[in-house]
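A quick write-up on the structure given underneath.
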Amino acid sequence: MARVSPRGLRVFYVLTFNLPMTLGVYIQVPFCQTRCTYCNFHTGVVSRDRFEPYADAICREIETSDLSAGPTVDTVYFGGGTPSLLDPALLTRILDSLRQASGSELTEVTLEADPETITRQKAAAWLAAGFNRISLGAQSFDDRELKAAGRMHRREDIYRAADFLRAAGFRNISMDLIAGLAHQTHESWEASVGQLLRILPEHVSVYMLEVDDDSRLGKEVLAGGSRYGAAKIPDDDAMADFYDYAAARLASAGYDHYEISNWGLPGRHSQHNLKYWRRQPYLGLGAGAHSFDGGSRWANVHEPARYVTLIERGASAHEQFETVVPPQALQEEFYLGLRQLEGIDFARIERDYSFDPHLSDRLAVLRDRIDYLRSNGFIEVDGSRLRIAPDRLTVSNEIFVQLLG
Ligand code: SF4
């Protein structure tokens, strides 16, 4: 019988400190309508016939996960892939299984949705199923950029989707934008940010384009060519400008910048995603989903057909089981925690990790590096709290290397 961890849910929180007794559940739906040019995720374009057996396998994984023995499930996040491709009846079946197995009230239930997949009927069915937050993959309001990126939707689809969601009654909508798409210019970026603000979603994510080397665009970047617009990708300086522009516009529109890539109107921070940055437990279900119980991390097998076969057989789909040893947990406190603009409490970290004498040298090195980064304006220190200086967020990766490398 499959279990959420080889040792069962009761071991949640082994090495995590000051833990709230709640659990986030992530459900991976690894299917897309097409493959975006920059993406090489473990997702596939498959026949719709495969959706129902996949949803049934997730329900079975839920039923065998012993959720009633663990902490209260408060957040659920359906991500992908494109989970909005699944028939609403299948999404409802999964959510019903989860409610029944956990006996929990689910307070934040998010569905990632691509604009062109949304209809009036689907929006109403999602709300009725218990979803109360939709994360809309807008990415850009410029049709040329969307087309070059291989996205299926166009600007008009975003407006239509937002109208359907609002009309259905959704009051918590998140929208993503990508800075750095091929053909993006300062003008087109500013127009996209402006058009997003006209819709006024409760939450906004701005991601810098990451091109997977094995994606179609990635291969063109390496080998040359003009089919996917590799030569038209803005340079790093332009991308940093785009990010700073979005940050300024969102701040003046009343959004709280709470994580490097995320902004929310008051009370609308993503409760589920906060668990990742705060090292709180989450259980991943579905092919390729990752889990963390406070002391260990593991993943499910990536290939959806293999996942379904294993679950149907009553076997575990887990692989890549890894115990998070204290030095690694300490690293994670920094590179996950410092993504939040509120930063981290270094005094709390020193207290929590002082139980391990082997870490005292490591903590001393960290103190020296923090002093260096602070004196050069990369990190701000306020009492025992550390945070990346807000005007240095575009170089956060370099700061993490300096601090933890
Ligand atoms: S970017 Fe998202 S929608 Fe596009 S192929 Fe990748 S997972 Fe699918």
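Residue numbers start at 1 in each chain; chains themselves are named A, B, ... in the order of the structure tokens; ligands are numbered from 1 in the order shown.
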
Residues of chain A that approach ligand 1 to 8 Å or less, counting only C-alpha atoms and all ligand atoms: could you list each one with the shortest pair of atoms and its distance in Å to one decimal, rows by chain and increasing residue number, as CSV?
residue,atom,partner,partner_atom_place_in_ligand_line,distance
A:Pro30,CA,ligand 1,7 (S),7.3
A:Phe31,CA,ligand 1,8 (Fe),6.9
A:Cys32,CA,ligand 1,8 (Fe),4.7
A:Gln33,CA,ligand 1,8 (Fe),7.3
A:Thr34,CA,ligand 1,5 (S),6.0
A:Arg35,CA,ligand 1,5 (S),3.9
A:Cys36,CA,ligand 1,4 (Fe),4.2
A:Thr37,CA,ligand 1,5 (S),7.5
A:Tyr38,CA,ligand 1,1 (S),7.1
A:Cys39,CA,ligand 1,6 (Fe),4.6
A:Asn40,CA,ligand 1,6 (Fe),6.4
A:Phe41,CA,ligand 1,6 (Fe),5.6
A:His42,CA,ligand 1,7 (S),7.7
A:Thr43,CA,ligand 1,7 (S),6.0
A:Gly44,CA,ligand 1,8 (Fe),7.8
A:Gly80,CA,ligand 1,7 (S),5.7
A:Gly81,CA,ligand 1,7 (S),3.9
A:Thr82,CA,ligand 1,3 (S),5.8
A:Asp114,CA,ligand 1,3 (S),7.3
A:Gly137,CA,ligand 1,3 (S),8.0
A:Gly150,CA,ligand 1,4 (Fe),7.7
A:Arg151,CA,ligand 1,4 (Fe),6.7

Taking only residues of stretch 297-333 of chain A that have an atom at most 10 Å from an atom of stretch 350-365 of chain A, what is each one's shortest atom pair and its distance in Å to one decimal, using only C-alpha atoms, in chain and number order, as a tab-separated table?
residue	atom	partner	partner_atom	distance
A:Pro326	CA	A:Tyr353	CA	7.5
A:Pro327	CA	A:Leu359	CA	6.8
A:Ala329	CA	A:Tyr353	CA	9.2
A:Leu330	CA	A:Tyr353	CA	7.5
A:Gln331	CA	A:Arg362	CA	9.9

I need the residue nearest A:Phe378 from this list: A:Leu366, A:Asp176, A:Thr110, A:Phe400. Use only C-alpha atoms for the distance.
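Among the listed residues, A:Phe400 lies closest to A:Phe378.
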
Near A:Leu265, counting only C-alpha atoms, which residues have an atom at most 6 Å away, once you skip same-chain residues fewer than 6 positions from it, shown as a list of chain:residue names?
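Here the answer would be A:Glu202, A:Tyr255, A:Asp256.
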
Would you give me, as a short mmCIF file (atom, residue, chain, number, x, y, z; two decimals) with N, CA and C atoms, in the first residue's frame, the residues in stretch 158-336 of chain A that DSSP reads as strand (DSSP E)?
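Once written, selection-v9.cif looks like this:
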data_model
loop_
_atom_site.label_atom_id
_atom_site.label_comp_id
_atom_site.auth_asym_id
_atom_site.auth_seq_id
_atom_site.Cartn_x
_atom_site.Cartn_y
_atom_site.Cartn_z
N ILE A 173 -7.90 35.95 -7.68
CA ILE A 173 -7.30 35.56 -8.96
C ILE A 173 -5.84 36.01 -8.95
N SER A 174 -4.97 35.10 -9.36
CA SER A 174 -3.56 35.45 -9.51
C SER A 174 -3.25 35.45 -11.00
N MET A 175 -2.37 36.33 -11.43
CA MET A 175 -1.95 36.32 -12.83
C MET A 175 -0.44 36.34 -12.92
N ASP A 176 0.09 35.54 -13.86
CA ASP A 176 1.55 35.48 -14.08
C ASP A 176 1.93 36.32 -15.29
N LEU A 177 3.07 36.98 -15.18
CA LEU A 177 3.71 37.59 -16.35
C LEU A 177 5.13 37.05 -16.44
N ILE A 178 5.64 36.94 -17.66
CA ILE A 178 7.03 36.53 -17.84
C ILE A 178 7.81 37.69 -18.44
N ALA A 179 8.88 38.09 -17.74
CA ALA A 179 9.78 39.12 -18.25
C ALA A 179 10.88 38.42 -19.04
N HIS A 203 -3.56 38.93 -6.94
CA HIS A 203 -2.18 38.45 -6.74
C HIS A 203 -1.48 38.45 -8.09
N VAL A 204 -0.19 38.74 -8.09
CA VAL A 204 0.57 38.79 -9.34
C VAL A 204 1.91 38.09 -9.13
N SER A 205 2.31 37.27 -10.11
CA SER A 205 3.66 36.70 -10.11
C SER A 205 4.38 37.20 -11.35
N VAL A 206 5.60 37.65 -11.17
CA VAL A 206 6.44 38.08 -12.31
C VAL A 206 7.67 37.20 -12.32
N TYR A 207 7.81 36.40 -13.37
CA TYR A 207 8.95 35.50 -13.48
C TYR A 207 9.88 35.98 -14.57
N MET A 208 11.17 35.80 -14.34
CA MET A 208 12.15 36.05 -15.40
C MET A 208 12.17 34.81 -16.29
N ASP A 256 1.48 44.31 -2.20
CA ASP A 256 2.56 44.07 -1.24
C ASP A 256 3.55 43.08 -1.89
N HIS A 257 4.79 43.49 -2.01
CA HIS A 257 5.81 42.61 -2.59
C HIS A 257 6.31 41.71 -1.45
N TYR A 258 5.92 40.44 -1.47
CA TYR A 258 6.24 39.60 -0.31
C TYR A 258 7.23 38.49 -0.61
N GLU A 259 7.49 38.23 -1.88
CA GLU A 259 8.47 37.21 -2.26
C GLU A 259 9.09 37.68 -3.56
N ASN A 262 6.66 37.48 -6.28
CA ASN A 262 5.22 37.50 -5.95
C ASN A 262 4.77 38.75 -5.21
N TRP A 263 3.59 39.23 -5.63
CA TRP A 263 2.96 40.40 -5.04
C TRP A 263 1.50 40.06 -4.74
N GLY A 264 0.97 40.59 -3.64
CA GLY A 264 -0.44 40.34 -3.35
C GLY A 264 -1.10 41.58 -2.78
N TYR A 282 4.62 19.76 2.99
CA TYR A 282 3.65 19.64 1.90
C TYR A 282 3.75 18.24 1.33
N LEU A 283 2.62 17.79 0.84
CA LEU A 283 2.54 16.45 0.26
C LEU A 283 2.20 16.61 -1.22
N GLY A 284 3.04 16.06 -2.08
CA GLY A 284 2.80 16.12 -3.51
C GLY A 284 2.17 14.83 -4.00
N LEU A 285 1.11 14.95 -4.77
CA LEU A 285 0.42 13.78 -5.33
C LEU A 285 0.41 13.90 -6.85
N HIS A 290 6.57 16.57 -5.78
CA HIS A 290 7.57 16.50 -4.71
C HIS A 290 6.90 16.70 -3.34
N SER A 291 7.49 16.09 -2.31
CA SER A 291 6.95 16.19 -0.95
C SER A 291 8.07 16.51 0.03
N PHE A 292 7.66 17.10 1.14
CA PHE A 292 8.61 17.42 2.23
C PHE A 292 7.86 17.25 3.54
N SER A 296 12.43 14.98 5.55
CA SER A 296 12.79 14.25 4.33
C SER A 296 12.10 14.88 3.13
N ARG A 297 12.73 14.66 1.98
CA ARG A 297 12.10 15.04 0.72
C ARG A 297 12.01 13.80 -0.15
N TRP A 298 10.98 13.70 -0.96
CA TRP A 298 10.88 12.63 -1.92
C TRP A 298 10.01 13.09 -3.09
N ALA A 299 10.04 12.30 -4.15
CA ALA A 299 9.26 12.66 -5.34
C ALA A 299 8.54 11.42 -5.84
N ASN A 300 7.48 11.63 -6.60
CA ASN A 300 6.83 10.53 -7.30
C ASN A 300 7.50 10.35 -8.66
N HIS A 318 6.78 6.44 -5.06
CA HIS A 318 7.87 7.30 -4.56
C HIS A 318 9.23 6.89 -5.09
N GLU A 319 10.06 7.90 -5.30
CA GLU A 319 11.47 7.66 -5.64
C GLU A 319 12.25 8.86 -5.10
N GLN A 320 13.54 8.84 -5.25
CA GLN A 320 14.42 9.96 -4.84
C GLN A 320 14.22 10.33 -3.38
N PHE A 321 14.08 9.35 -2.51
CA PHE A 321 13.91 9.66 -1.09
C PHE A 321 15.22 10.20 -0.51
N GLU A 322 15.13 11.30 0.21
CA GLU A 322 16.35 11.95 0.70
C GLU A 322 16.10 12.51 2.10
N THR A 323 16.95 12.15 3.05
CA THR A 323 16.84 12.74 4.38
C THR A 323 17.55 14.10 4.36
#

Residues within 12 Å of A:Arg374, only C-alpha atoms, excluding chain neighbours under 5 positions, as a JSON list (two decimals) with N, CA and C atoms, in the first residue's frame:
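Output contents, as saved in part-v2.json:
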[["chain", "number", "residue", "atom", "x", "y", "z"],
["A", 366, "LEU", "N", 28.84, 31.94, 8.01],
["A", 366, "LEU", "CA", 27.65, 32.67, 7.56],
["A", 366, "LEU", "C", 27.63, 34.08, 8.15],
["A", 367, "ARG", "N", 27.98, 34.19, 9.44],
["A", 367, "ARG", "CA", 27.99, 35.51, 10.08],
["A", 367, "ARG", "C", 28.95, 36.45, 9.34],
["A", 368, "ASP", "N", 30.15, 35.94, 9.00],
["A", 368, "ASP", "CA", 31.14, 36.77, 8.28],
["A", 368, "ASP", "C", 30.60, 37.20, 6.92],
["A", 369, "ARG", "N", 30.00, 36.24, 6.23],
["A", 369, "ARG", "CA", 29.50, 36.57, 4.87],
["A", 369, "ARG", "C", 28.34, 37.56, 4.93],
["A", 379, "ILE", "N", 22.54, 43.03, 1.60],
["A", 379, "ILE", "CA", 21.65, 42.49, 2.62],
["A", 379, "ILE", "C", 21.36, 43.59, 3.63],
["A", 380, "GLU", "N", 20.12, 43.63, 4.09],
["A", 380, "GLU", "CA", 19.77, 44.58, 5.16],
["A", 380, "GLU", "C", 19.57, 43.81, 6.45],
["A", 381, "VAL", "N", 20.01, 44.40, 7.54],
["A", 381, "VAL", "CA", 19.87, 43.75, 8.84],
["A", 381, "VAL", "C", 19.08, 44.69, 9.74],
["A", 382, "ASP", "N", 18.04, 44.13, 10.37],
["A", 382, "ASP", "CA", 17.22, 44.93, 11.28],
["A", 382, "ASP", "C", 17.03, 44.09, 12.53],
["A", 386, "LEU", "N", 17.24, 39.39, 8.79],
["A", 386, "LEU", "CA", 18.04, 39.65, 7.59],
["A", 386, "LEU", "C", 17.13, 39.61, 6.41],
["A", 387, "ARG", "N", 17.38, 40.47, 5.43],
["A", 387, "ARG", "CA", 16.65, 40.34, 4.17],
["A", 387, "ARG", "C", 17.52, 40.87, 3.04],
["A", 388, "ILE", "N", 17.24, 40.40, 1.85],
["A", 388, "ILE", "CA", 17.93, 40.93, 0.68],
["A", 388, "ILE", "C", 17.45, 42.36, 0.48],
["A", 389, "ALA", "N", 18.39, 43.29, 0.23],
["A", 389, "ALA", "CA", 18.00, 44.68, 0.02],
["A", 389, "ALA", "C", 17.03, 44.74, -1.16],
["A", 392, "ARG", "N", 18.22, 45.10, -4.64],
["A", 392, "ARG", "CA", 19.18, 44.10, -5.14],
["A", 392, "ARG", "C", 18.49, 42.77, -5.46],
["A", 399, "ILE", "N", 23.68, 36.77, -4.90],
["A", 399, "ILE", "CA", 23.78, 36.92, -3.44],
["A", 399, "ILE", "C", 23.76, 35.54, -2.77],
["A", 402, "GLN", "N", 27.17, 34.00, -3.12],
["A", 402, "GLN", "CA", 28.15, 34.63, -2.19],
["A", 402, "GLN", "C", 27.94, 34.13, -0.77],
["A", 403, "LEU", "N", 26.67, 33.98, -0.40],
["A", 403, "LEU", "CA", 26.35, 33.63, 0.98],
["A", 403, "LEU", "C", 26.56, 32.13, 1.26]]

Excluding A:Pro88 and its own-chain neighbours fewer than 4 positions away, which residues fall within 10 Å of it when counting only C-alpha atoms? Please give them as a VMD selection string.
chain A and resid 83 to 84 92 to 94 121 to 129

Interatomic distance between atom CA of A:Glu112 and atom CA of A:Glu63?
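Separation between atom CA of A:Glu112 and atom CA of A:Glu63: 23.2 Å.
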
Here is a test: counting only C-alpha atoms, which residue of A:Leu200, A:Leu67, A:Leu85, A:Ile27 is nearest to A:Arg171?
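Of A:Leu200, A:Leu67, A:Leu85, A:Ile27, the one nearest A:Arg171 is A:Leu200, counting only C-alpha atoms.
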
As a PyMOL selection string, which residues of stretch 146-335 of chain A does DSSP assign to alpha helix (DSSP H)?
chain A and resi 146-148+155-168+186-199+216-223+236-252+271-277+304-312+326-335

Please determine, counting only C-alpha atoms, which residue among A:Ala191, A:Ala246, A:Val109, A:Ile199 has the shortest atom-to-atom distance to A:Arg166.
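Result for the nearest residue to A:Arg166: A:Ile199.
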
A:Trp277, A:Tyr335, A:Tyr228, A:Tyr372: which is nearest A:Lys147, counting only C-alpha atoms?
A:Tyr228

For A:Asn273, which residue out of A:Asp142, A:Glu156, A:Glu52, A:Glu108 is the nearest one, using only C-alpha atoms?
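Checking each candidate against A:Asn273, we get A:Glu108 as the closest.
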
Residue among A:Leu209, A:Asp49, A:Arg339, A:Asp293 lying closest to A:Asp235, counting only C-alpha atoms:
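Smallest separation from A:Asp235 among the options: A:Leu209.
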
In Å, with one decimal, what is the gap from atom CA of A:Ile58 to atom CA of A:Asn132?
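These two atoms are separated by 20.5 Å.
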